[in-house]
$ cat run_23.pdb   # PDB, C-alpha atoms, pLDDT in the B column
MODEL        1
ATOM      1  CA  MET A   1      -8.680  21.560  -6.061  1.00 95.00           C
ATOM      2  CA  LYS A   2     -12.364  21.263  -5.140  1.00 98.00           C
ATOM      3  CA  THR A   3     -13.513  23.741  -2.499  1.00 98.00           C
ATOM      4  CA  VAL A   4     -16.505  23.001  -0.266  1.00 98.00           C
ATOM      5  CA  ILE A   5     -18.292  25.438   2.041  1.00 98.00           C
ATOM      6  CA  THR A   6     -20.835  24.924   4.810  1.00 98.00           C
ATOM      7  CA  TYR A   7     -22.510  27.182   7.394  1.00 98.00           C
ATOM      8  CA  GLY A   8     -23.586  26.567  10.959  1.00 97.00           C
ATOM      9  CA  THR A   9     -23.687  27.569  14.588  1.00 97.00           C
ATOM     10  CA  TYR A  10     -21.964  24.551  16.170  1.00 98.00           C
ATOM     11  CA  ASP A  11     -23.230  25.295  19.676  1.00 97.00           C
ATOM     12  CA  LEU A  12     -22.365  22.460  22.122  1.00 97.00           C
ATOM     13  CA  PHE A  13     -20.283  20.668  19.476  1.00 98.00           C
ATOM     14  CA  HIS A  14     -21.682  17.147  19.000  1.00 98.00           C
ATOM     15  CA  ILE A  15     -21.418  14.056  16.796  1.00 98.00           C
ATOM     16  CA  GLY A  16     -24.027  15.401  14.343  1.00 97.00           C
ATOM     17  CA  HIS A  17     -21.825  18.441  13.691  1.00 98.00           C
ATOM     18  CA  LEU A  18     -18.785  16.223  13.273  1.00 98.00           C
ATOM     19  CA  ASN A  19     -20.497  13.806  10.874  1.00 97.00           C
ATOM     20  CA  LEU A  20     -21.647  16.674   8.688  1.00 98.00           C
ATOM     21  CA  LEU A  21     -18.180  18.245   8.557  1.00 98.00           C
ATOM     22  CA  LYS A  22     -16.616  14.875   7.715  1.00 98.00           C
ATOM     23  CA  ARG A  23     -19.106  14.200   4.909  1.00 98.00           C
ATOM     24  CA  ALA A  24     -18.757  17.767   3.606  1.00 98.00           C
ATOM     25  CA  LYS A  25     -14.975  17.405   3.414  1.00 98.00           C
ATOM     26  CA  ALA A  26     -15.377  14.105   1.556  1.00 98.00           C
ATOM     27  CA  LEU A  27     -17.103  16.037  -1.268  1.00 98.00           C
ATOM     28  CA  GLY A  28     -13.897  17.932  -2.049  1.00 98.00           C
ATOM     29  CA  ASP A  29     -10.348  18.774  -1.000  1.00 98.00           C
ATOM     30  CA  TYR A  30     -10.641  22.006   0.980  1.00 98.00           C
ATOM     31  CA  LEU A  31     -13.411  22.689   3.489  1.00 98.00           C
ATOM     32  CA  ILE A  32     -14.408  26.190   4.557  1.00 98.00           C
ATOM     33  CA  VAL A  33     -16.798  26.467   7.512  1.00 98.00           C
ATOM     34  CA  ALA A  34     -18.698  29.678   8.203  1.00 98.00           C
ATOM     35  CA  VAL A  35     -19.587  29.879  11.895  1.00 98.00           C
ATOM     36  CA  SER A  36     -22.416  32.222  12.865  1.00 98.00           C
ATOM     37  CA  SER A  37     -21.308  35.167  14.989  1.00 98.00           C
ATOM     38  CA  ASP A  38     -23.029  36.022  18.255  1.00 97.00           C
ATOM     39  CA  ASP A  39     -24.276  39.278  16.708  1.00 97.00           C
ATOM     40  CA  PHE A  40     -25.824  37.442  13.759  1.00 97.00           C
ATOM     41  CA  ASN A  41     -27.484  34.983  16.142  1.00 96.00           C
ATOM     42  CA  LYS A  42     -28.874  37.903  18.121  1.00 95.00           C
ATOM     43  CA  GLN A  43     -30.435  39.271  14.912  1.00 94.00           C
ATOM     44  CA  LYS A  44     -32.035  35.847  14.396  1.00 92.00           C
ATOM     45  CA  GLY A  45     -33.273  35.745  17.999  1.00 93.00           C
ATOM     46  CA  LYS A  46     -31.048  32.715  18.627  1.00 91.00           C
ATOM     47  CA  VAL A  47     -29.148  32.367  21.904  1.00 90.00           C
ATOM     48  CA  CYS A  48     -26.019  30.219  22.039  1.00 94.00           C
ATOM     49  CA  GLU A  49     -24.610  28.503  25.082  1.00 95.00           C
ATOM     50  CA  ILE A  50     -21.047  28.878  23.782  1.00 97.00           C
ATOM     51  CA  LYS A  51     -19.622  32.213  22.583  1.00 97.00           C
ATOM     52  CA  ASP A  52     -18.647  32.607  18.926  1.00 98.00           C
ATOM     53  CA  THR A  53     -14.879  32.779  19.450  1.00 98.00           C
ATOM     54  CA  ASP A  54     -14.959  29.422  21.255  1.00 98.00           C
ATOM     55  CA  ARG A  55     -17.312  27.841  18.686  1.00 98.00           C
ATOM     56  CA  MET A  56     -14.914  28.955  15.951  1.00 98.00           C
ATOM     57  CA  GLU A  57     -11.857  27.622  17.803  1.00 98.00           C
ATOM     58  CA  ILE A  58     -13.442  24.190  18.179  1.00 98.00           C
ATOM     59  CA  VAL A  59     -14.497  23.959  14.523  1.00 98.00           C
ATOM     60  CA  LYS A  60     -10.987  25.092  13.516  1.00 98.00           C
ATOM     61  CA  ALA A  61      -9.495  22.240  15.548  1.00 98.00           C
ATOM     62  CA  ILE A  62     -11.459  19.576  13.647  1.00 98.00           C
ATOM     63  CA  ARG A  63      -9.062  17.823  11.287  1.00 98.00           C
ATOM     64  CA  TYR A  64     -11.471  17.927   8.316  1.00 98.00           C
ATOM     65  CA  VAL A  65     -11.724  21.721   8.424  1.00 98.00           C
ATOM     66  CA  ASP A  66      -9.254  23.842   6.454  1.00 98.00           C
ATOM     67  CA  LYS A  67     -10.577  27.344   7.073  1.00 98.00           C
ATOM     68  CA  VAL A  68     -13.095  28.999   9.369  1.00 98.00           C
ATOM     69  CA  ILE A  69     -14.797  32.309   8.567  1.00 98.00           C
ATOM     70  CA  PRO A  70     -17.487  34.179  10.490  1.00 98.00           C
ATOM     71  CA  GLU A  71     -21.082  34.172   9.255  1.00 98.00           C
ATOM     72  CA  THR A  72     -22.427  37.634   9.969  1.00 98.00           C
ATOM     73  CA  SER A  73     -25.453  37.994   7.660  1.00 96.00           C
ATOM     74  CA  TRP A  74     -27.969  36.000   5.598  1.00 92.00           C
ATOM     75  CA  ASP A  75     -26.687  37.679   2.427  1.00 92.00           C
ATOM     76  CA  GLN A  76     -23.030  36.785   2.430  1.00 97.00           C
ATOM     77  CA  LYS A  77     -23.328  33.368   0.764  1.00 98.00           C
ATOM     78  CA  ILE A  78     -23.089  34.421  -2.894  1.00 97.00           C
ATOM     79  CA  ASP A  79     -20.130  36.671  -2.052  1.00 98.00           C
ATOM     80  CA  ASP A  80     -18.397  33.857  -0.136  1.00 98.00           C
ATOM     81  CA  VAL A  81     -18.911  31.396  -3.005  1.00 98.00           C
ATOM     82  CA  LYS A  82     -17.379  33.863  -5.466  1.00 98.00           C
ATOM     83  CA  LYS A  83     -14.569  35.035  -3.174  1.00 98.00           C
ATOM     84  CA  TYR A  84     -13.367  31.539  -2.279  1.00 98.00           C
ATOM     85  CA  ASN A  85     -14.093  29.936  -5.689  1.00 98.00           C
ATOM     86  CA  VAL A  86     -16.394  27.449  -4.009  1.00 98.00           C
ATOM     87  CA  ASP A  87     -17.347  24.351  -5.997  1.00 98.00           C
ATOM     88  CA  VAL A  88     -19.793  22.765  -3.573  1.00 98.00           C
ATOM     89  CA  PHE A  89     -22.154  24.401  -1.058  1.00 98.00           C
ATOM     90  CA  VAL A  90     -23.281  21.935   1.622  1.00 98.00           C
ATOM     91  CA  MET A  91     -25.999  22.122   4.272  1.00 97.00           C
ATOM     92  CA  GLY A  92     -27.933  19.632   6.394  1.00 95.00           C
ATOM     93  CA  ASP A  93     -31.144  18.452   4.765  1.00 94.00           C
ATOM     94  CA  ASP A  94     -33.277  20.342   7.280  1.00 93.00           C
ATOM     95  CA  TRP A  95     -32.481  23.259   4.890  1.00 95.00           C
ATOM     96  CA  LYS A  96     -33.460  21.301   1.759  1.00 96.00           C
ATOM     97  CA  GLY A  97     -34.358  23.630  -1.139  1.00 96.00           C
ATOM     98  CA  LYS A  98     -33.618  26.796   0.851  1.00 96.00           C
ATOM     99  CA  PHE A  99     -30.331  27.541  -0.883  1.00 97.00           C
ATOM    100  CA  ASP A 100     -31.130  26.399  -4.424  1.00 97.00           C
ATOM    101  CA  PHE A 101     -30.563  29.988  -5.605  1.00 97.00           C
ATOM    102  CA  LEU A 102     -26.829  29.222  -5.210  1.00 98.00           C
ATOM    103  CA  LYS A 103     -27.036  26.665  -8.048  1.00 98.00           C
ATOM    104  CA  ASP A 104     -26.250  29.536 -10.422  1.00 97.00           C
ATOM    105  CA  TYR A 105     -22.810  29.704  -8.806  1.00 98.00           C
ATOM    106  CA  CYS A 106     -21.865  26.194  -7.606  1.00 98.00           C
ATOM    107  CA  GLU A 107     -23.145  22.715  -6.822  1.00 98.00           C
ATOM    108  CA  VAL A 108     -25.626  22.657  -3.904  1.00 98.00           C
ATOM    109  CA  VAL A 109     -25.784  19.534  -1.729  1.00 98.00           C
ATOM    110  CA  TYR A 110     -28.080  18.820   1.231  1.00 98.00           C
ATOM    111  CA  LEU A 111     -26.672  16.067   3.429  1.00 97.00           C
ATOM    112  CA  PRO A 112     -28.745  13.902   5.777  1.00 94.00           C
ATOM    113  CA  ARG A 113     -28.463  14.920   9.420  1.00 92.00           C
ATOM    114  CA  THR A 114     -27.404  12.447  12.087  1.00 92.00           C
ATOM    115  CA  GLU A 115     -30.562  11.086  13.676  1.00 92.00           C
ATOM    116  CA  GLY A 116     -31.223  11.395  17.382  1.00 91.00           C
ATOM    117  CA  ILE A 117     -28.991  14.376  18.115  1.00 93.00           C
ATOM    118  CA  SER A 118     -29.137  18.150  17.798  1.00 94.00           C
ATOM    119  CA  THR A 119     -28.101  21.068  19.985  1.00 94.00           C
ATOM    120  CA  THR A 120     -31.774  21.738  20.759  1.00 93.00           C
ATOM    121  CA  MET A 121     -32.298  18.112  21.855  1.00 93.00           C
ATOM    122  CA  LEU A 122     -29.171  18.242  24.032  1.00 94.00           C
ATOM    123  CA  LYS A 123     -30.309  21.438  25.740  1.00 94.00           C
ATOM    124  CA  GLU A 124     -33.761  19.971  26.368  1.00 93.00           C
ATOM    125  CA  GLU A 125     -32.366  16.731  27.751  1.00 92.00           C
ATOM    126  CA  ILE A 126     -29.967  18.560  30.085  1.00 92.00           C
ATOM    127  CA  GLY A 127     -32.694  20.999  31.100  1.00 88.00           C
ATOM    128  CA  ASN A 128     -35.010  18.132  32.038  1.00 85.00           C
ATOM    129  CA  LYS A 129     -32.491  16.520  34.404  1.00 75.00           C
TER
ATOM    130  CA  MET B   1       9.617  10.889  19.338  1.00 95.00           C
ATOM    131  CA  LYS B   2       8.102  12.157  22.575  1.00 98.00           C
ATOM    132  CA  THR B   3       4.799  10.533  23.513  1.00 98.00           C
ATOM    133  CA  VAL B   4       2.255  12.306  25.704  1.00 98.00           C
ATOM    134  CA  ILE B   5      -0.839  10.787  27.313  1.00 98.00           C
ATOM    135  CA  THR B   6      -3.859  12.327  28.991  1.00 98.00           C
ATOM    136  CA  TYR B   7      -7.165  11.023  30.386  1.00 98.00           C
ATOM    137  CA  GLY B   8     -10.635  12.482  30.462  1.00 97.00           C
ATOM    138  CA  THR B   9     -14.355  12.199  29.878  1.00 97.00           C
ATOM    139  CA  TYR B  10     -14.849  14.977  27.308  1.00 98.00           C
ATOM    140  CA  ASP B  11     -18.609  15.182  27.821  1.00 97.00           C
ATOM    141  CA  LEU B  12     -20.141  18.141  25.902  1.00 97.00           C
ATOM    142  CA  PHE B  13     -16.804  18.907  24.237  1.00 98.00           C
ATOM    143  CA  HIS B  14     -15.836  22.512  25.055  1.00 98.00           C
ATOM    144  CA  ILE B  15     -12.981  25.026  24.769  1.00 98.00           C
ATOM    145  CA  GLY B  16     -11.462  23.878  28.076  1.00 97.00           C
ATOM    146  CA  HIS B  17     -11.083  20.354  26.681  1.00 98.00           C
ATOM    147  CA  LEU B  18      -9.604  21.730  23.472  1.00 98.00           C
ATOM    148  CA  ASN B  19      -7.096  23.989  25.239  1.00 98.00           C
ATOM    149  CA  LEU B  20      -5.881  21.116  27.372  1.00 98.00           C
ATOM    150  CA  LEU B  21      -5.432  18.810  24.370  1.00 98.00           C
ATOM    151  CA  LYS B  22      -3.568  21.535  22.482  1.00 98.00           C
ATOM    152  CA  ARG B  23      -1.231  22.231  25.393  1.00 98.00           C
ATOM    153  CA  ALA B  24      -0.718  18.510  26.011  1.00 98.00           C
ATOM    154  CA  LYS B  25       0.291  17.963  22.370  1.00 98.00           C
ATOM    155  CA  ALA B  26       2.730  20.891  22.612  1.00 98.00           C
ATOM    156  CA  LEU B  27       4.640  18.923  25.269  1.00 98.00           C
ATOM    157  CA  GLY B  28       5.609  16.257  22.728  1.00 98.00           C
ATOM    158  CA  ASP B  29       5.103  14.841  19.244  1.00 98.00           C
ATOM    159  CA  TYR B  30       2.431  12.173  19.632  1.00 98.00           C
ATOM    160  CA  LEU B  31      -0.664  12.586  21.812  1.00 98.00           C
ATOM    161  CA  ILE B  32      -2.665   9.643  23.143  1.00 98.00           C
ATOM    162  CA  VAL B  33      -6.008  10.440  24.771  1.00 98.00           C
ATOM    163  CA  ALA B  34      -7.748   7.906  26.999  1.00 98.00           C
ATOM    164  CA  VAL B  35     -11.494   8.575  27.012  1.00 98.00           C
ATOM    165  CA  SER B  36     -13.499   7.139  29.913  1.00 98.00           C
ATOM    166  CA  SER B  37     -15.976   4.451  28.879  1.00 98.00           C
ATOM    167  CA  ASP B  38     -19.623   4.612  29.909  1.00 97.00           C
ATOM    168  CA  ASP B  39     -19.123   1.494  32.051  1.00 97.00           C
ATOM    169  CA  PHE B  40     -16.192   3.074  33.896  1.00 97.00           C
ATOM    170  CA  ASN B  41     -18.230   6.232  34.480  1.00 96.00           C
ATOM    171  CA  LYS B  42     -21.040   4.107  35.863  1.00 95.00           C
ATOM    172  CA  GLN B  43     -18.589   2.567  38.356  1.00 94.00           C
ATOM    173  CA  LYS B  44     -17.638   6.102  39.395  1.00 92.00           C
ATOM    174  CA  GLY B  45     -21.284   7.146  39.697  1.00 93.00           C
ATOM    175  CA  LYS B  46     -20.777   9.649  36.891  1.00 91.00           C
ATOM    176  CA  VAL B  47     -23.456  10.152  34.231  1.00 90.00           C
ATOM    177  CA  CYS B  48     -22.510  11.518  30.827  1.00 94.00           C
ATOM    178  CA  GLU B  49     -24.760  13.390  28.451  1.00 95.00           C
ATOM    179  CA  ILE B  50     -22.895  11.990  25.423  1.00 97.00           C
ATOM    180  CA  LYS B  51     -22.230   8.269  24.944  1.00 97.00           C
ATOM    181  CA  ASP B  52     -18.644   7.015  24.941  1.00 98.00           C
ATOM    182  CA  THR B  53     -18.455   6.093  21.255  1.00 98.00           C
ATOM    183  CA  ASP B  54     -19.436   9.664  20.294  1.00 98.00           C
ATOM    184  CA  ARG B  55     -17.079  11.230  22.879  1.00 98.00           C
ATOM    185  CA  MET B  56     -14.250   9.134  21.420  1.00 98.00           C
ATOM    186  CA  GLU B  57     -15.124  10.070  17.819  1.00 98.00           C
ATOM    187  CA  ILE B  58     -15.031  13.770  18.636  1.00 98.00           C
ATOM    188  CA  VAL B  59     -11.694  13.577  20.470  1.00 98.00           C
ATOM    189  CA  LYS B  60     -10.300  11.530  17.553  1.00 98.00           C
ATOM    190  CA  ALA B  61     -11.312  14.293  15.135  1.00 98.00           C
ATOM    191  CA  ILE B  62      -9.277  16.935  16.989  1.00 98.00           C
ATOM    192  CA  ARG B  63      -6.166  17.656  14.959  1.00 98.00           C
ATOM    193  CA  TYR B  64      -3.820  17.568  17.966  1.00 98.00           C
ATOM    194  CA  VAL B  65      -4.831  14.011  18.859  1.00 98.00           C
ATOM    195  CA  ASP B  66      -2.948  11.069  17.343  1.00 98.00           C
ATOM    196  CA  LYS B  67      -4.571   8.127  19.086  1.00 98.00           C
ATOM    197  CA  VAL B  68      -7.630   7.508  21.258  1.00 98.00           C
ATOM    198  CA  ILE B  69      -7.937   4.580  23.656  1.00 98.00           C
ATOM    199  CA  PRO B  70     -10.714   3.739  26.122  1.00 98.00           C
ATOM    200  CA  GLU B  71     -10.234   4.323  29.833  1.00 98.00           C
ATOM    201  CA  THR B  72     -11.944   1.443  31.575  1.00 98.00           C
ATOM    202  CA  SER B  73     -10.402   1.372  35.067  1.00 96.00           C
ATOM    203  CA  TRP B  74      -8.469   3.450  37.598  1.00 92.00           C
ATOM    204  CA  ASP B  75      -5.585   0.986  37.426  1.00 92.00           C
ATOM    205  CA  GLN B  76      -4.660   1.031  33.766  1.00 97.00           C
ATOM    206  CA  LYS B  77      -2.384   4.079  33.838  1.00 97.00           C
ATOM    207  CA  ILE B  78       0.922   2.366  34.653  1.00 97.00           C
ATOM    208  CA  ASP B  79       0.196  -0.303  32.036  1.00 98.00           C
ATOM    209  CA  ASP B  80      -0.666   2.342  29.427  1.00 98.00           C
ATOM    210  CA  VAL B  81       2.516   4.315  30.158  1.00 98.00           C
ATOM    211  CA  LYS B  82       4.618   1.154  29.717  1.00 98.00           C
ATOM    212  CA  LYS B  83       2.712  -0.183  26.684  1.00 98.00           C
ATOM    213  CA  TYR B  84       2.877   3.059  24.699  1.00 98.00           C
ATOM    214  CA  ASN B  85       6.352   4.141  25.923  1.00 98.00           C
ATOM    215  CA  VAL B  86       4.842   7.345  27.280  1.00 98.00           C
ATOM    216  CA  ASP B  87       7.264  10.167  28.103  1.00 98.00           C
ATOM    217  CA  VAL B  88       4.818  12.676  29.583  1.00 98.00           C
ATOM    218  CA  PHE B  89       1.594  12.077  31.541  1.00 98.00           C
ATOM    219  CA  VAL B  90      -0.635  15.167  31.539  1.00 98.00           C
ATOM    220  CA  MET B  91      -3.744  16.080  33.544  1.00 97.00           C
ATOM    221  CA  GLY B  92      -5.579  19.282  34.448  1.00 95.00           C
ATOM    222  CA  ASP B  93      -4.372  20.855  37.676  1.00 94.00           C
ATOM    223  CA  ASP B  94      -7.617  19.962  39.464  1.00 93.00           C
ATOM    224  CA  TRP B  95      -5.835  16.575  39.792  1.00 95.00           C
ATOM    225  CA  LYS B  96      -2.579  18.095  41.121  1.00 96.00           C
ATOM    226  CA  GLY B  97      -0.529  15.558  43.063  1.00 96.00           C
ATOM    227  CA  LYS B  98      -2.978  12.702  42.470  1.00 96.00           C
ATOM    228  CA  PHE B  99      -0.856  10.946  39.862  1.00 97.00           C
ATOM    229  CA  ASP B 100       2.619  11.583  41.246  1.00 97.00           C
ATOM    230  CA  PHE B 101       3.050   7.805  41.630  1.00 97.00           C
ATOM    231  CA  LEU B 102       3.575   7.775  37.844  1.00 98.00           C
ATOM    232  CA  LYS B 103       6.809   9.761  38.269  1.00 98.00           C
ATOM    233  CA  ASP B 104       8.598   6.417  38.578  1.00 97.00           C
ATOM    234  CA  TYR B 105       7.674   5.760  34.946  1.00 98.00           C
ATOM    235  CA  CYS B 106       7.508   9.130  33.135  1.00 98.00           C
ATOM    236  CA  GLU B 107       7.298  12.884  33.553  1.00 98.00           C
ATOM    237  CA  VAL B 108       4.042  14.021  35.216  1.00 98.00           C
ATOM    238  CA  VAL B 109       2.636  17.440  34.298  1.00 98.00           C
ATOM    239  CA  TYR B 110      -0.490  19.162  35.661  1.00 98.00           C
ATOM    240  CA  LEU B 111      -1.698  21.883  33.298  1.00 97.00           C
ATOM    241  CA  PRO B 112      -3.851  24.843  34.343  1.00 94.00           C
ATOM    242  CA  ARG B 113      -7.491  24.444  33.381  1.00 92.00           C
ATOM    243  CA  THR B 114      -9.279  27.076  31.306  1.00 92.00           C
ATOM    244  CA  GLU B 115     -11.107  29.374  33.696  1.00 92.00           C
ATOM    245  CA  GLY B 116     -14.844  29.885  33.492  1.00 91.00           C
ATOM    246  CA  ILE B 117     -15.779  26.650  31.744  1.00 93.00           C
ATOM    247  CA  SER B 118     -16.348  23.014  32.652  1.00 94.00           C
ATOM    248  CA  THR B 119     -18.893  20.380  31.657  1.00 94.00           C
ATOM    249  CA  THR B 120     -20.491  20.710  35.103  1.00 93.00           C
ATOM    250  CA  MET B 121     -20.824  24.495  34.685  1.00 93.00           C
ATOM    251  CA  LEU B 122     -22.335  24.052  31.226  1.00 94.00           C
ATOM    252  CA  LYS B 123     -24.897  21.556  32.489  1.00 94.00           C
ATOM    253  CA  GLU B 124     -25.826  23.847  35.362  1.00 93.00           C
ATOM    254  CA  GLU B 125     -26.167  26.881  33.114  1.00 92.00           C
ATOM    255  CA  ILE B 126     -28.333  25.018  30.607  1.00 92.00           C
ATOM    256  CA  GLY B 127     -30.374  23.484  33.395  1.00 88.00           C
ATOM    257  CA  ASN B 128     -31.080  26.903  34.894  1.00 85.00           C
ATOM    258  CA  LYS B 129     -32.476  28.313  31.633  1.00 75.00           C
TER
ENDMDL
END
$ encode --input "run_23.pdb" --output "structure tokens"
Amino acid sequence: MKTVITYGTYDLFHIGHLNLLKRAKALGDYLIVAVSSDDFNKQKGKVCEIKDTDRMEIVKAIRYVDKVIPETSWDQKIDDVKKYNVDVFVMGDDWKGKFDFLKDYCEVVYLPRTEGISTTMLKEEIGNK
Amino acid sequence: MKTVITYGTYDLFHIGHLNLLKRAKALGDYLIVAVSSDDFNKQKGKVCEIKDTDRMEIVKAIRYVDKVIPETSWDQKIDDVKKYNVDVFVMGDDWKGKFDFLKDYCEVVYLPRTEGISTTMLKEEIGNK
């Protein structure tokens, strides 16, 4: 069984999130998604519209997702990869190169993001109405 | 097999949408979700943030949902109930009583909405930031 992992915030769940999860799952058989906790976002100075428990529930309900775990620090990735015997680490290509240090532990894939949509764009568009 | 149907817009997919879909599915074995088309919303004077094809894709990806169809008019409900041999018609209780005319064709259930969240609330909150 090939295990894939990806990390994200998934605030205002949109088609870009869905496309990435679908493509990530297609790289293996079992998809783990780490969803950033509200506390971790606070450390990063990031404010979410939707609270972490709800963001996790929604990701969990997506049929391509097999397991959801919380992301609570920048440093947990190597531990997660080891703990869950991860074969493929996947991120959107806005992170290209940033996680190459994981290549010592598993395959690292950066997938193209869906053009024309992001949570930031959505918030701006709604804010401008 | 017990077939359930529900109707909605599912703009900015949130935990309230998810809870309703989950509870609707629990009323039967096969859940059909009719997602309002952009043209139908236009007729109603309703503007969505997310286009219909994306709203449909997201609803389709929810593990409780078995089939997605477009909602294109107010009048299609009786036809849908007959066509898909629907046993239970489900809506949020903000519509209480409005679809009782369907009781001639199937069971009609109004489920409580999740408190504290709606697409309108989300848009207002984001707009006020």
$ residues_around --input "run_23.pdb" --residues "Ile117 of chain B" --least-positions-apart "6" --cutoff "10 Å" --atoms "all atoms listed in the file" --output "list in words"
Ile50 of chain A; His14, Ile15, Gly16 and His17 of chain B
$ interface_residues --input "run_23.pdb" --of "chain A" --to "chain B" --cutoff "6 Å" --atoms "only C-alpha atoms" --output "ChimeraX atom specification"
/A:15,54,61-63,126-127
$ resolve_selection --input "run_23.pdb" --expression "the PyMOL selection byres ((chain A and resi 35) around 8)" --output "list of chain:residue names"
A:Tyr7, A:Gly8, A:Thr9, A:Tyr10, A:Val33, A:Ala34, A:Ser36, A:Ser37, A:Asp52, A:Arg55, A:Met56, A:Val68, A:Ile69, A:Pro70, A:Glu71
$ write_last_selection --input "run_23.pdb" --atoms "C-alpha atoms" --output "PDB file, keeping the file's coordinate frame"
ATOM      1  CA  TYR A   7     -22.510  27.182   7.394  1.00 98.00           C
ATOM      2  CA  GLY A   8     -23.586  26.567  10.959  1.00 97.00           C
ATOM      3  CA  THR A   9     -23.687  27.569  14.588  1.00 97.00           C
ATOM      4  CA  TYR A  10     -21.964  24.551  16.170  1.00 98.00           C
ATOM      5  CA  VAL A  33     -16.798  26.467   7.512  1.00 98.00           C
ATOM      6  CA  ALA A  34     -18.698  29.678   8.203  1.00 98.00           C
ATOM      7  CA  SER A  36     -22.416  32.222  12.865  1.00 98.00           C
ATOM      8  CA  SER A  37     -21.308  35.167  14.989  1.00 98.00           C
ATOM      9  CA  ASP A  52     -18.647  32.607  18.926  1.00 98.00           C
ATOM     10  CA  ARG A  55     -17.312  27.841  18.686  1.00 98.00           C
ATOM     11  CA  MET A  56     -14.914  28.955  15.951  1.00 98.00           C
ATOM     12  CA  VAL A  68     -13.095  28.999   9.369  1.00 98.00           C
ATOM     13  CA  ILE A  69     -14.797  32.309   8.567  1.00 98.00           C
ATOM     14  CA  PRO A  70     -17.487  34.179  10.490  1.00 98.00           C
ATOM     15  CA  GLU A  71     -21.082  34.172   9.255  1.00 98.00           C
TER      16      GLU A  71
END
$ closest_residue --input "run_23.pdb" --among "B:Tyr84, B:Trp74, B:Phe89, B:Tyr30" --to "Val108 of chain B" --atoms "only C-alpha atoms"
B:Phe89
$ axis_aligned_box --input "run_23.pdb" --around "segment 45-64 of chain A" --padding-each-side "3 Å" --output "AutoDock Vina command-line options"
--center_x -21.2 --center_y 26.8 --center_z 16.7 --size_x 30.2 --size_y 23.9 --size_z 22.8
$ resolve_selection --input "run_23.pdb" --expression "the PyMOL selection byres ((chain A and resi 91) around 8)" --output "PyMOL selection string"
chain A and resi 6-7+89-90+92-93+95-96+109-111
$ atom_distance --input "run_23.pdb" --atom1 "atom CA of Ala24 of chain A" --atom2 "atom CA of Thr3 of chain A"
10.0 Å
$ resolve_selection --input "run_23.pdb" --expression "the PyMOL selection byres ((chain A and resi 86) around 8)" --output "PyMOL selection string"
chain A and resi 2-5+80-85+87-89+106
$ write_last_selection --input "run_23.pdb" --atoms "C-alpha atoms" --output "short mmCIF file (atom, residue, chain, number, x, y, z; two decimals), in the coordinates of the input"
data_model
loop_
_atom_site.label_atom_id
_atom_site.label_comp_id
_atom_site.auth_asym_id
_atom_site.auth_seq_id
_atom_site.Cartn_x
_atom_site.Cartn_y
_atom_site.Cartn_z
CA LYS A 2 -12.36 21.26 -5.14
CA THR A 3 -13.51 23.74 -2.50
CA VAL A 4 -16.50 23.00 -0.27
CA ILE A 5 -18.29 25.44 2.04
CA ASP A 80 -18.40 33.86 -0.14
CA VAL A 81 -18.91 31.40 -3.00
CA LYS A 82 -17.38 33.86 -5.47
CA LYS A 83 -14.57 35.03 -3.17
CA TYR A 84 -13.37 31.54 -2.28
CA ASN A 85 -14.09 29.94 -5.69
CA ASP A 87 -17.35 24.35 -6.00
CA VAL A 88 -19.79 22.76 -3.57
CA PHE A 89 -22.15 24.40 -1.06
CA CYS A 106 -21.86 26.19 -7.61
#
$ atom_distance --input "run_23.pdb" --atom1 "atom CA of Thr120 of chain B" --atom2 "atom CA of Gln43 of chain A"
29.2 Å
$ atom_distance --input "run_23.pdb" --atom1 "atom CA of Glu107 of chain B" --atom2 "atom CA of Thr119 of chain B"
27.3 Å
$ closest_residue --input "run_23.pdb" --among "B:Tyr105, B:Gly116, B:Thr72, B:Leu20" --to "Asp39 of chain B" --atoms "all atoms listed in the file"
B:Thr72
$ decode --input "run_23.pdb" --residues "segment 63-87 of chain A" --atoms "C-alpha atoms" --output "PDB file, in the first residue's frame"
ATOM      1  CA  ARG A  63     -14.106  10.770  -0.277  1.00  0.00           C
ATOM      2  CA  TYR A  64     -10.429  10.822  -1.335  1.00  0.00           C
ATOM      3  CA  VAL A  65      -9.225  11.358   2.233  1.00  0.00           C
ATOM      4  CA  ASP A  66      -8.507   8.358   4.462  1.00  0.00           C
ATOM      5  CA  LYS A  67      -7.164  10.027   7.594  1.00  0.00           C
ATOM      6  CA  VAL A  68      -6.967  13.536   9.009  1.00  0.00           C
ATOM      7  CA  ILE A  69      -4.382  14.608  11.591  1.00  0.00           C
ATOM      8  CA  PRO A  70      -3.737  18.035  13.095  1.00  0.00           C
ATOM      9  CA  GLU A  71      -0.733  20.082  11.984  1.00  0.00           C
ATOM     10  CA  THR A  72       0.539  21.823  15.091  1.00  0.00           C
ATOM     11  CA  SER A  73       4.144  22.787  14.257  1.00  0.00           C
ATOM     12  CA  TRP A  74       6.559  23.335  11.354  1.00  0.00           C
ATOM     13  CA  ASP A  75       8.741  20.490  12.645  1.00  0.00           C
ATOM     14  CA  GLN A  76       6.367  17.568  12.675  1.00  0.00           C
ATOM     15  CA  LYS A  77       6.779  16.525   9.030  1.00  0.00           C
ATOM     16  CA  ILE A  78       9.742  14.149   9.379  1.00  0.00           C
ATOM     17  CA  ASP A  79       8.077  12.517  12.394  1.00  0.00           C
ATOM     18  CA  ASP A  80       4.776  12.146  10.507  1.00  0.00           C
ATOM     19  CA  VAL A  81       6.514  10.596   7.486  1.00  0.00           C
ATOM     20  CA  LYS A  82       8.249   8.050   9.723  1.00  0.00           C
ATOM     21  CA  LYS A  83       5.242   7.356  11.959  1.00  0.00           C
ATOM     22  CA  TYR A  84       2.818   6.720   9.097  1.00  0.00           C
ATOM     23  CA  ASN A  85       5.348   5.063   6.735  1.00  0.00           C
ATOM     24  CA  VAL A  86       4.644   7.724   4.143  1.00  0.00           C
ATOM     25  CA  ASP A  87       5.773   7.017   0.581  1.00  0.00           C
TER      26      ASP A  87
END
